[in-house]
$ cat my_file.tsv   # TSV, C-alpha atoms
chain	number	residue	atom	x	y	z
I	10	MET	CA	20.91	32.39	16.35
I	11	GLU	CA	19.32	29.06	17.25
I	12	ILE	CA	18.14	26.80	14.43
I	13	LEU	CA	16.38	23.51	15.07
I	14	ALA	CA	17.12	20.47	12.94
I	15	ASN	CA	13.41	20.42	12.18
I	16	ASN	CA	10.85	23.05	13.14
I	17	LEU	CA	7.35	21.59	12.80
I	18	LYS	CA	5.72	24.75	14.20
I	19	ARG	CA	6.69	26.63	11.03
I	20	GLN	CA	4.76	24.24	8.80
I	21	TYR	CA	1.77	24.38	11.10
I	22	ASP	CA	1.82	28.18	10.99
I	23	LEU	CA	1.60	28.15	7.19
I	24	TYR	CA	-1.92	26.69	7.26
I	25	ALA	CA	-2.90	27.09	10.93
I	26	LYS	CA	-6.43	28.37	10.29
I	27	GLU	CA	-7.25	25.43	8.00
I	28	TYR	CA	-5.90	22.89	10.50
I	29	GLU	CA	-7.80	24.41	13.40
I	30	GLU	CA	-11.07	24.63	11.48
I	31	LYS	CA	-10.77	21.01	10.39
I	32	ALA	CA	-9.94	19.76	13.91
I	33	LEU	CA	-12.94	21.57	15.38
I	34	ALA	CA	-15.20	20.27	12.62
I	35	VAL	CA	-14.20	16.69	13.36
I	36	LEU	CA	-14.57	17.15	17.11
I	37	ARG	CA	-18.02	18.64	16.68
I	38	LYS	CA	-19.10	15.84	14.34
I	39	GLY	CA	-18.89	13.29	17.17
I	40	TRP	CA	-17.54	10.39	15.06
I	41	TYR	CA	-13.86	9.71	15.74
I	42	VAL	CA	-12.90	6.29	14.32
I	43	LEU	CA	-13.33	5.01	10.73
I	44	GLY	CA	-15.67	7.73	9.57
I	45	THR	CA	-15.95	9.98	6.54
I	46	GLU	CA	-12.65	11.77	7.13
I	47	VAL	CA	-10.74	8.49	6.87
I	48	SER	CA	-12.64	7.26	3.81
I	49	SER	CA	-12.29	10.65	2.12
I	50	PHE	CA	-8.57	10.83	2.84
I	51	GLU	CA	-8.09	7.29	1.57
I	52	GLN	CA	-9.68	8.19	-1.76
I	53	GLU	CA	-7.83	11.50	-2.05
I	54	PHE	CA	-4.45	10.00	-1.23
I	55	ALA	CA	-4.99	7.09	-3.63
I	56	ASP	CA	-5.81	9.63	-6.34
I	57	TYR	CA	-2.75	11.70	-5.44
I	58	VAL	CA	-0.26	8.85	-5.78
I	59	GLY	CA	-2.08	7.20	-8.66
I	60	ALA	CA	-3.18	3.99	-6.94
I	61	LYS	CA	-6.60	2.35	-6.99
I	62	TYR	CA	-6.86	1.81	-3.24
I	63	CYS	CA	-5.59	3.29	0.00
I	64	VAL	CA	-6.15	1.89	3.50
I	65	GLY	CA	-5.38	4.12	6.48
I	66	LEU	CA	-3.51	2.56	9.39
I	67	ALA	CA	-2.16	3.58	12.79
I	68	SER	CA	1.51	3.94	11.81
I	69	GLY	CA	4.13	3.43	9.14
I	70	LEU	CA	5.43	0.32	10.90
I	71	ASP	CA	1.93	-1.14	10.82
I	72	ALA	CA	1.75	-0.40	7.10
I	73	LEU	CA	4.96	-2.34	6.55
I	74	TRP	CA	4.32	-5.43	8.64
I	75	ILE	CA	0.65	-5.70	7.73
I	76	GLY	CA	1.57	-5.10	4.09
I	77	LEU	CA	4.05	-7.96	4.16
I	78	LYS	CA	1.52	-10.17	5.94
I	79	ALA	CA	-1.08	-9.37	3.29
I	80	MET	CA	1.47	-10.38	0.65
I	81	GLY	CA	1.77	-13.80	2.33
I	82	ILE	CA	5.22	-13.34	3.87
I	83	LYS	CA	5.79	-15.92	6.59
I	84	GLU	CA	8.36	-17.92	8.52
I	85	GLY	CA	11.05	-19.38	6.26
I	86	ASP	CA	10.75	-16.60	3.70
I	87	GLU	CA	13.48	-14.08	2.89
I	88	VAL	CA	12.94	-10.39	2.19
I	89	ILE	CA	15.69	-8.27	0.64
I	90	VAL	CA	16.15	-4.87	2.29
I	91	ALA	CA	18.72	-2.06	2.40
I	92	ALA	CA	21.35	-2.54	5.12
I	93	ASN	CA	21.22	1.20	5.96
I	94	ALA	CA	17.42	1.44	6.24
I	95	TYR	CA	15.63	2.44	9.43
I	96	ILE	CA	15.11	-0.49	11.79
I	97	ALA	CA	11.32	-0.40	11.31
I	98	CYS	CA	11.86	-1.92	7.86
I	99	VAL	CA	13.66	-4.88	9.39
I	100	MET	CA	11.15	-5.21	12.23
I	101	SER	CA	8.31	-5.51	9.72
I	102	ILE	CA	10.10	-8.49	8.17
I	103	THR	CA	10.92	-10.33	11.39
I	104	MET	CA	7.47	-9.63	12.88
I	105	ASN	CA	6.18	-11.90	10.11
I	106	GLY	CA	8.72	-14.58	10.98
I	107	ALA	CA	10.75	-13.94	7.81
I	108	THR	CA	14.49	-13.31	7.47
I	109	PRO	CA	15.94	-9.96	6.35
I	110	ILE	CA	18.59	-10.20	3.63
I	111	PHE	CA	20.69	-7.05	3.65
I	112	VAL	CA	22.08	-5.22	0.62
I	113	GLU	CA	24.53	-2.30	0.66
I	114	PRO	CA	23.44	1.22	-0.39
I	115	ASP	CA	24.50	2.93	-3.60
I	116	GLU	CA	25.99	6.42	-4.06
I	117	TYR	CA	22.52	7.91	-3.51
I	118	ASP	CA	22.29	6.30	-0.04
I	119	ASN	CA	19.51	3.98	-1.21
I	120	LEU	CA	19.35	0.24	-1.88
I	121	ASP	CA	21.93	-0.63	-4.55
I	122	ALA	CA	19.73	-2.26	-7.18
I	123	ASN	CA	22.82	-3.67	-8.91
I	124	LYS	CA	23.64	-5.78	-5.85
I	125	VAL	CA	20.18	-7.25	-5.33
I	126	GLU	CA	20.27	-10.08	-7.85
I	127	GLU	CA	23.20	-11.81	-6.16
I	128	LYS	CA	21.13	-12.04	-2.95
I	129	ILE	CA	18.11	-13.70	-4.57
I	130	THR	CA	17.50	-17.33	-3.55
I	131	PRO	CA	14.54	-19.72	-3.88
I	132	SER	CA	13.42	-18.41	-0.47
I	133	THR	CA	13.28	-14.77	-1.60
I	134	LYS	CA	9.61	-13.78	-1.45
I	135	ALA	CA	9.82	-9.97	-1.60
I	136	ILE	CA	12.14	-7.05	-2.26
I	137	MET	CA	11.65	-4.03	-0.03
I	138	ALA	CA	12.49	-0.79	-1.85
I	139	VAL	CA	13.11	1.81	0.87
I	140	HIS	CA	13.04	5.31	-0.60
I	141	LEU	CA	15.29	7.12	1.88
I	142	TYR	CA	15.60	10.88	2.42
I	143	GLY	CA	12.98	11.84	-0.14
I	144	GLN	CA	14.41	10.21	-3.23
I	145	SER	CA	13.62	7.04	-5.11
I	146	CYS	CA	15.48	3.78	-5.42
I	147	ASP	CA	16.41	2.72	-8.95
I	148	MET	CA	12.97	1.36	-9.74
I	149	ASP	CA	13.80	0.50	-13.35
I	150	GLN	CA	16.34	-2.09	-12.24
I	151	LEU	CA	14.25	-3.35	-9.33
I	152	MET	CA	11.17	-3.83	-11.53
I	153	LYS	CA	13.26	-5.77	-14.04
I	154	LEU	CA	14.38	-8.11	-11.26
I	155	SER	CA	10.82	-8.37	-9.96
I	156	GLN	CA	9.58	-9.46	-13.36
I	157	LYS	CA	12.54	-11.73	-14.09
I	158	TYR	CA	12.18	-13.73	-10.87
I	159	SER	CA	8.45	-13.16	-10.19
I	160	ILE	CA	9.29	-11.57	-6.84
I	161	PRO	CA	6.89	-8.83	-5.66
I	162	ILE	CA	8.16	-5.45	-4.49
I	163	ILE	CA	6.95	-3.69	-1.37
I	164	GLU	CA	7.84	0.00	-1.21
I	165	ASP	CA	8.64	1.84	2.00
I	166	CYS	CA	7.62	5.41	1.17
I	167	ALA	CA	7.79	6.76	4.72
I	168	GLN	CA	10.18	9.48	3.54
I	169	ALA	CA	8.90	9.84	-0.02
I	170	HIS	CA	5.49	11.52	-0.12
I	171	GLY	CA	5.18	12.75	-3.69
I	172	THR	CA	8.60	11.46	-4.77
I	173	LYS	CA	8.66	10.32	-8.40
I	174	PHE	CA	10.86	8.15	-10.58
I	175	ASN	CA	10.55	8.63	-14.34
I	176	GLY	CA	7.36	10.57	-13.64
I	177	LYS	CA	5.69	7.74	-11.71
I	178	THR	CA	4.90	8.31	-8.05
I	179	CYS	CA	6.69	6.15	-5.52
I	180	GLY	CA	4.35	3.70	-3.85
I	181	THR	CA	2.77	2.65	-7.15
I	182	PHE	CA	5.61	0.53	-8.58
I	183	GLY	CA	5.28	-2.46	-6.31
I	184	LYS	CA	2.45	-4.67	-5.13
I	185	VAL	CA	2.18	-2.55	-1.98
I	186	GLY	CA	3.27	0.98	-1.12
I	187	CYS	CA	3.64	1.78	2.59
I	188	PHE	CA	3.50	5.30	4.01
I	189	SER	CA	4.12	6.82	7.41
I	190	PHE	CA	2.42	10.05	8.46
I	191	TYR	CA	4.62	10.63	11.50
I	192	PRO	CA	4.76	14.42	12.13
I	193	THR	CA	8.24	14.91	10.64
I	194	LYS	CA	7.30	13.32	7.29
I	195	GLY	CA	6.60	15.30	4.14
I	196	LEU	CA	2.92	14.53	4.61
I	197	GLY	CA	3.03	14.50	8.38
I	198	ALA	CA	0.06	14.24	10.71
I	199	PHE	CA	-0.14	15.67	14.22
I	200	GLY	CA	0.46	12.26	15.77
I	201	ASP	CA	1.04	8.77	14.41
I	202	GLY	CA	-0.55	7.47	11.25
I	203	GLY	CA	0.17	5.34	8.20
I	204	ALA	CA	-1.35	3.89	5.06
I	205	ILE	CA	-1.03	1.19	2.43
I	206	VAL	CA	-1.69	1.88	-1.24
I	207	THR	CA	-2.21	-0.86	-3.82
I	208	ASP	CA	-3.94	-1.73	-7.06
I	209	ASP	CA	-4.90	-5.15	-5.69
I	210	ALA	CA	-8.55	-5.08	-4.59
I	211	GLU	CA	-8.33	-8.36	-2.68
I	212	LEU	CA	-5.25	-7.23	-0.78
I	213	ALA	CA	-6.87	-3.89	0.09
I	214	ASP	CA	-9.98	-5.68	1.40
I	215	TYR	CA	-7.80	-7.95	3.53
I	216	VAL	CA	-5.95	-4.99	5.07
I	217	ARG	CA	-9.24	-3.18	5.83
I	218	MET	CA	-10.44	-6.28	7.64
I	219	TYR	CA	-7.14	-6.97	9.38
I	220	ARG	CA	-6.73	-3.41	10.74
I	221	ASN	CA	-10.09	-3.69	12.50
I	222	TYR	CA	-9.56	-6.77	14.70
I	223	GLY	CA	-9.90	-9.01	11.66
I	224	SER	CA	-13.52	-7.98	11.24
I	225	LYS	CA	-15.58	-6.73	8.29
I	226	VAL	CA	-18.84	-6.97	10.23
I	227	ARG	CA	-18.89	-5.93	13.87
I	228	TYR	CA	-18.28	-8.85	16.24
I	229	GLU	CA	-17.72	-11.23	13.32
I	230	ASN	CA	-13.97	-11.82	13.40
I	231	GLU	CA	-12.55	-13.71	10.43
I	232	VAL	CA	-8.89	-13.73	11.50
I	233	VAL	CA	-6.81	-12.70	14.50
I	234	GLY	CA	-6.24	-9.16	13.34
I	235	ALA	CA	-4.88	-5.92	14.76
I	236	ASN	CA	-6.16	-2.61	16.05
I	237	SER	CA	-4.50	-0.33	13.53
I	238	ARG	CA	-6.89	2.42	12.46
I	239	LEU	CA	-6.05	5.90	11.25
I	240	ASP	CA	-8.24	8.12	13.40
I	241	GLU	CA	-10.65	10.75	12.12
I	242	ILE	CA	-8.81	13.82	13.41
I	243	GLN	CA	-5.50	12.77	11.89
I	244	ALA	CA	-7.20	11.88	8.61
I	245	GLY	CA	-8.90	15.26	8.52
I	246	LEU	CA	-5.68	17.13	9.19
I	247	LEU	CA	-3.90	15.04	6.55
I	248	ARG	CA	-6.60	16.04	4.05
I	249	VAL	CA	-5.73	19.67	4.71
I	250	LYS	CA	-1.99	19.13	4.28
I	251	LEU	CA	-2.43	16.94	1.21
I	252	LYS	CA	-3.93	19.91	-0.65
I	253	HIS	CA	-0.64	21.77	-0.06
I	254	LEU	CA	1.82	18.90	-0.42
I	255	ASP	CA	3.09	19.81	-3.88
I	256	THR	CA	3.74	23.38	-2.71
I	257	LEU	CA	5.54	22.14	0.40
I	258	ASN	CA	7.68	19.77	-1.69
I	259	GLU	CA	8.60	22.54	-4.10
I	260	GLU	CA	9.66	24.75	-1.20
I	261	ARG	CA	11.93	21.98	0.07
I	262	ASN	CA	13.42	21.68	-3.40
I	263	GLN	CA	14.25	25.38	-3.36
I	264	LEU	CA	15.86	25.04	0.06
I	265	ALA	CA	17.88	22.08	-1.21
I	266	LYS	CA	18.98	24.05	-4.27
I	267	ARG	CA	20.36	26.82	-2.04
I	268	TYR	CA	22.25	24.27	0.05
I	269	LEU	CA	23.67	22.53	-3.01
I	270	GLU	CA	24.85	25.82	-4.48
I	271	GLY	CA	25.99	27.37	-1.22
I	272	ILE	CA	27.88	24.62	0.61
I	273	GLN	CA	31.48	24.78	-0.61
I	274	ASN	CA	33.58	22.90	1.93
I	275	PRO	CA	35.95	20.14	0.72
I	276	LEU	CA	35.19	18.17	3.92
I	277	ILE	CA	31.49	18.08	3.08
I	278	THR	CA	29.78	15.98	0.41
I	279	CYS	CA	26.14	16.82	-0.28
I	280	LEU	CA	23.92	13.90	-1.25
I	281	GLN	CA	23.04	14.20	-4.93
I	282	THR	CA	19.72	13.25	-6.55
I	283	ARG	CA	19.41	10.16	-8.71
I	284	PRO	CA	18.79	10.84	-12.42
I	285	HIS	CA	15.10	10.77	-13.41
I	286	CYS	CA	14.03	11.23	-9.77
I	287	TYR	CA	11.90	14.03	-8.35
I	288	ASN	CA	13.34	14.38	-4.85
I	289	THR	CA	11.04	15.62	-2.10
I	290	TYR	CA	13.93	16.15	0.36
I	291	HIS	CA	12.51	14.62	3.51
I	292	GLN	CA	15.99	15.36	4.85
I	293	PHE	CA	18.99	17.19	3.45
I	294	GLU	CA	21.88	14.77	3.87
I	295	ILE	CA	25.57	15.51	3.91
I	296	HIS	CA	28.57	13.24	4.45
I	297	CYS	CA	31.56	14.34	6.49
I	298	PRO	CA	34.53	12.17	7.61
I	299	LYS	CA	34.74	14.41	10.72
I	300	ARG	CA	31.02	14.13	11.37
I	301	ASP	CA	31.11	14.04	15.18
I	302	ALA	CA	33.36	17.09	15.34
I	303	LEU	CA	31.02	18.86	12.92
I	304	ILE	CA	28.01	18.09	15.12
I	305	THR	CA	29.71	19.61	18.15
I	306	TYR	CA	30.87	22.62	16.16
I	307	LEU	CA	27.37	23.31	14.81
I	308	LYS	CA	25.75	22.75	18.20
I	309	ASP	CA	28.03	25.40	19.71
I	310	LEU	CA	26.71	27.78	17.05
I	311	GLY	CA	23.11	26.93	17.89
I	312	ILE	CA	22.52	24.70	14.86
I	313	GLY	CA	20.71	21.42	15.41
I	314	THR	CA	21.45	18.25	13.45
I	315	ILE	CA	20.25	14.62	13.40
I	316	ILE	CA	22.02	11.41	12.37
I	317	HIS	CA	19.91	9.21	10.08
I	318	TYR	CA	21.01	6.57	11.15
I	319	PRO	CA	23.93	5.99	13.55
I	320	ILE	CA	23.50	2.22	14.09
I	321	PRO	CA	22.72	-0.11	11.18
I	322	PRO	CA	19.83	-2.44	12.11
I	323	TYR	CA	21.96	-5.59	11.79
I	324	LEU	CA	24.35	-4.22	14.46
I	325	SER	CA	21.58	-3.30	16.92
I	326	LYS	CA	21.02	-5.27	20.11
I	327	ALA	CA	17.58	-6.17	18.81
I	328	TYR	CA	19.13	-8.16	15.96
I	329	ALA	CA	22.24	-9.55	17.64
I	330	TYR	CA	20.71	-13.01	17.15
I	331	LEU	CA	21.20	-12.69	13.39
I	332	GLY	CA	24.92	-12.99	13.99
I	333	TYR	CA	26.24	-10.07	11.95
I	334	GLN	CA	29.52	-8.37	12.87
I	335	VAL	CA	31.14	-4.99	12.31
I	336	GLY	CA	32.64	-5.06	8.83
I	337	ASP	CA	29.96	-7.22	7.21
I	338	PHE	CA	28.59	-4.22	5.28
I	339	PRO	CA	31.43	-1.69	5.03
I	340	ILE	CA	29.61	0.88	2.87
I	341	THR	CA	26.67	0.96	5.25
I	342	GLU	CA	29.01	1.37	8.22
I	343	GLN	CA	30.97	4.13	6.50
I	344	TYR	CA	27.73	5.99	5.83
I	345	ALA	CA	26.61	5.49	9.44
I	346	ASN	CA	29.82	7.20	10.58
I	347	GLU	CA	29.63	10.06	8.06
I	348	ILE	CA	26.02	10.94	7.37
I	349	LEU	CA	24.31	13.96	8.91
I	350	SER	CA	20.94	15.66	8.42
I	351	ILE	CA	21.23	19.44	8.57
I	352	PRO	CA	18.28	21.82	9.19
I	353	MET	CA	15.58	21.47	6.54
I	354	TYR	CA	11.95	22.44	7.14
I	355	ASN	CA	9.12	24.30	5.49
I	356	GLY	CA	9.11	27.92	6.58
I	357	MET	CA	12.91	28.09	6.94
I	358	THR	CA	14.09	31.64	6.21
I	359	GLN	CA	16.91	32.66	3.91
I	360	GLU	CA	18.67	34.24	6.88
I	361	GLU	CA	18.56	30.95	8.78
I	362	GLN	CA	19.78	28.98	5.81
I	363	ASP	CA	22.61	31.43	5.12
I	364	TYR	CA	23.68	31.07	8.73
I	365	VAL	CA	23.86	27.27	8.36
I	366	ILE	CA	25.69	27.48	5.02
I	367	ASN	CA	28.28	29.95	6.32
I	368	ALA	CA	28.85	27.88	9.45
I	369	ILE	CA	29.40	24.68	7.44
I	370	ASN	CA	31.73	26.41	4.99
I	371	ALA	CA	33.84	27.70	7.91
I	372	PHE	CA	34.23	24.25	9.46
I	373	GLU	CA	37.81	22.87	9.39
$ encode --input "my_file.tsv" --output "structure tokens"
Amino acid sequence: MEILANNLKRQYDLYAKEYEEKALAVLRKGWYVLGTEVSSFEQEFADYVGAKYCVGLASGLDALWIGLKAMGIKEGDEVIVAANAYIACVMSITMNGATPIFVEPDEYDNLDANKVEEKITPSTKAIMAVHLYGQSCDMDQLMKLSQKYSIPIIEDCAQAHGTKFNGKTCGTFGKVGCFSFYPTKGLGAFGDGGAIVTDDAELADYVRMYRNYGSKVRYENEVVGANSRLDEIQAGLLRVKLKHLDTLNEERNQLAKRYLEGIQNPLITCLQTRPHCYNTYHQFEIHCPKRDALITYLKDLGIGTIIHYPIPPYLSKAYAYLGYQVGDFPITEQYANEILSIPMYNGMTQEEQDYVINAINAFE
């Protein structure tokens, strides 16, 4: 049996007729950029997460760096971020000329909120809460710090579409919530896409202008902006998937439940869910001290896996100039050597999942 780490075709097959009808409808309409599909999706997604405004953008990275720019982040500022986050989070900070301040992850593989306060300085202008793997950071603690020091929070919800903490949807805690619609995400498009959600009308207006070459009125450019527009076809397809997102998330929860109950190998630690969090399981993460041997073993059995993420951003060549060394963040580096994403996708069969579970339990 061959099992992919992620099988996007299965999710497409679930609602293929709806996707195809929507794509044809958009193509036949003849309007492909910033039309009614985008504006309708923006309203529907804002309603879904519980925000006042949503602005569609070209990618999740654009949502992050434009979001920080809209918050006024600039050279000389510091932004606190998880040391084990994907490098896009760090890029969004440095693209604005600011400095990333890294914090170790907690036992849920997310930013350790209890270690944030010690990193706050007069130069700290934002805290980036990165909700990794489908579950929330400890937003109670982060919001307390935000209020105590008057430091705004920007949320990276690229892996947390529909994730909740204490019943509140991720993306609506901070000043800005940033989403990616890359195809592998819980609410994935069929190409790149992203969005910002916020309750700040002025900030939303700025992002709408900035994404369109810095222009509200054609050929009247107010700032040097960007070309970062969610296109009509992707917006239309996202509208289709959004209607089914809760169902898709519940299916992933059932798959996760079977993994949590079925995997019984002392070498394997399954990532647990934080209390008061509704986990949408963007990935199903395990830790294994013999991770590389496990990858080879599973590959030989036809089981695909992915490492999220093998190289911490501060140890990448891109950020060598920051001067960090191996050993600076030992928990992050331990996780980078142990963590593994095993197959998890909508449409996964019980037979496929049993095959993965049995293979993992037989690993020595």
$ residues_around --input "my_file.tsv" --residues "Ala327 of chain I" --least-positions-apart "6" --cutoff "12 Å" --atoms "all atoms listed in the file" --output "list in words"
Ile96, Ala97, Val99, Met100, Thr103, Ile320, Pro321 and Tyr333 of chain I
$ closest_residue --input "my_file.tsv" --among "I:Trp40, I:Phe174, I:Phe111, I:Phe199" --to "Val249 of chain I" --atoms "all atoms listed in the file"
I:Phe199
$ atom_distance --input "my_file.tsv" --atom1 "atom CA of Glu164 of chain I" --atom2 "atom CA of Gly336 of chain I"
27.2 Å
$ closest_residue --input "my_file.tsv" --among "I:Gln150, I:Ser68, I:Thr193, I:Ser325" --to "Ala92 of chain I" --atoms "all atoms listed in the file"
I:Ser325
$ residues_around --input "my_file.tsv" --residues "Ser350 of chain I" --least-positions-apart "2" --cutoff "12 Å" --atoms "only C-alpha atoms" --output "VMD selection string"
chain I and resid 13 to 15 142 265 278 to 280 290 to 297 300 303 to 304 307 312 to 319 345 347 to 348 352 to 354 365
$ atom_distance --input "my_file.tsv" --atom1 "atom CA of Pro275 of chain I" --atom2 "atom CA of Glu259 of chain I"
27.9 Å
$ residues_around --input "my_file.tsv" --residues "segment 209-217 of chain I" --least-positions-apart "3" --cutoff "7 Å" --atoms "only C-alpha atoms" --output "list in words"
Tyr62, Val64, Ala79, Arg220 and Asn221 of chain I
$ residues_around --input "my_file.tsv" --residues "Gly81 of chain I" --least-positions-apart "2" --cutoff "12 Å" --atoms "all atoms listed in the file" --output "PyMOL selection string"
chain I and resi 74-79+83-88+102+105-107+134-135+161+163+184+212+215
$ closest_residue --input "my_file.tsv" --among "I:Leu66, I:Leu36, I:Tyr323, I:Ile136" --to "Gln156 of chain I" --atoms "only C-alpha atoms"
I:Ile136
$ closest_residue --input "my_file.tsv" --among "I:Cys179, I:Leu264, I:Ala244, I:Cys146" --to "Arg283 of chain I" --atoms "all atoms listed in the file"
I:Cys146
$ decode --input "my_file.tsv" --residues "segment 276-324 of chain I" --atoms "C-alpha atoms" --output "compact mmCIF listing (two decimals), in the first residue's frame"
# COMPACT_ATOMS: atom_id res chain seq x y z
CA LEU I 276 9.37 5.49 21.04
CA ILE I 277 6.57 7.71 19.76
CA THR I 278 5.03 10.72 21.49
CA CYS I 279 1.87 12.11 19.90
CA LEU I 280 1.40 15.87 20.17
CA GLN I 281 -1.42 16.58 22.62
CA THR I 282 -3.98 19.39 22.37
CA ARG I 283 -3.82 22.39 24.67
CA PRO I 284 -6.68 22.65 27.19
CA HIS I 285 -9.57 24.85 26.03
CA CYS I 286 -8.42 24.59 22.40
CA TYR I 287 -10.41 23.27 19.46
CA ASN I 288 -7.68 21.75 17.31
CA THR I 289 -8.22 21.63 13.55
CA TYR I 290 -5.24 19.29 12.98
CA HIS I 291 -3.56 20.93 10.02
CA GLN I 292 -0.95 18.24 10.63
CA PHE I 293 -0.76 15.26 12.95
CA GLU I 294 2.57 15.62 14.72
CA ILE I 295 4.57 12.97 16.50
CA HIS I 296 7.97 13.13 18.20
CA CYS I 297 10.48 10.32 17.90
CA PRO I 298 14.14 10.33 19.08
CA LYS I 299 14.89 7.97 16.15
CA ARG I 300 13.03 10.17 13.69
CA ASP I 301 15.31 9.71 10.67
CA ALA I 302 15.27 5.92 11.04
CA LEU I 303 11.47 6.06 11.34
CA ILE I 304 11.20 8.07 8.12
CA THR I 305 13.24 5.49 6.22
CA TYR I 306 11.29 2.62 7.76
CA LEU I 307 7.93 4.15 6.82
CA LYS I 308 9.11 5.07 3.33
CA ASP I 309 10.07 1.44 2.72
CA LEU I 310 6.48 0.54 3.62
CA GLY I 311 5.09 3.11 1.19
CA ILE I 312 4.13 5.66 3.85
CA GLY I 313 4.98 9.29 3.20
CA THR I 314 5.96 11.75 5.92
CA ILE I 315 7.04 15.42 6.15
CA ILE I 316 9.23 17.23 8.68
CA HIS I 317 7.71 20.50 9.91
CA TYR I 318 10.38 21.93 10.24
CA PRO I 319 13.92 20.50 10.00
CA ILE I 320 15.88 23.79 10.21
CA PRO I 321 14.93 26.51 12.69
CA PRO I 322 14.81 29.90 10.92
CA TYR I 323 17.61 31.37 13.05
CA LEU I 324 19.95 28.59 11.85
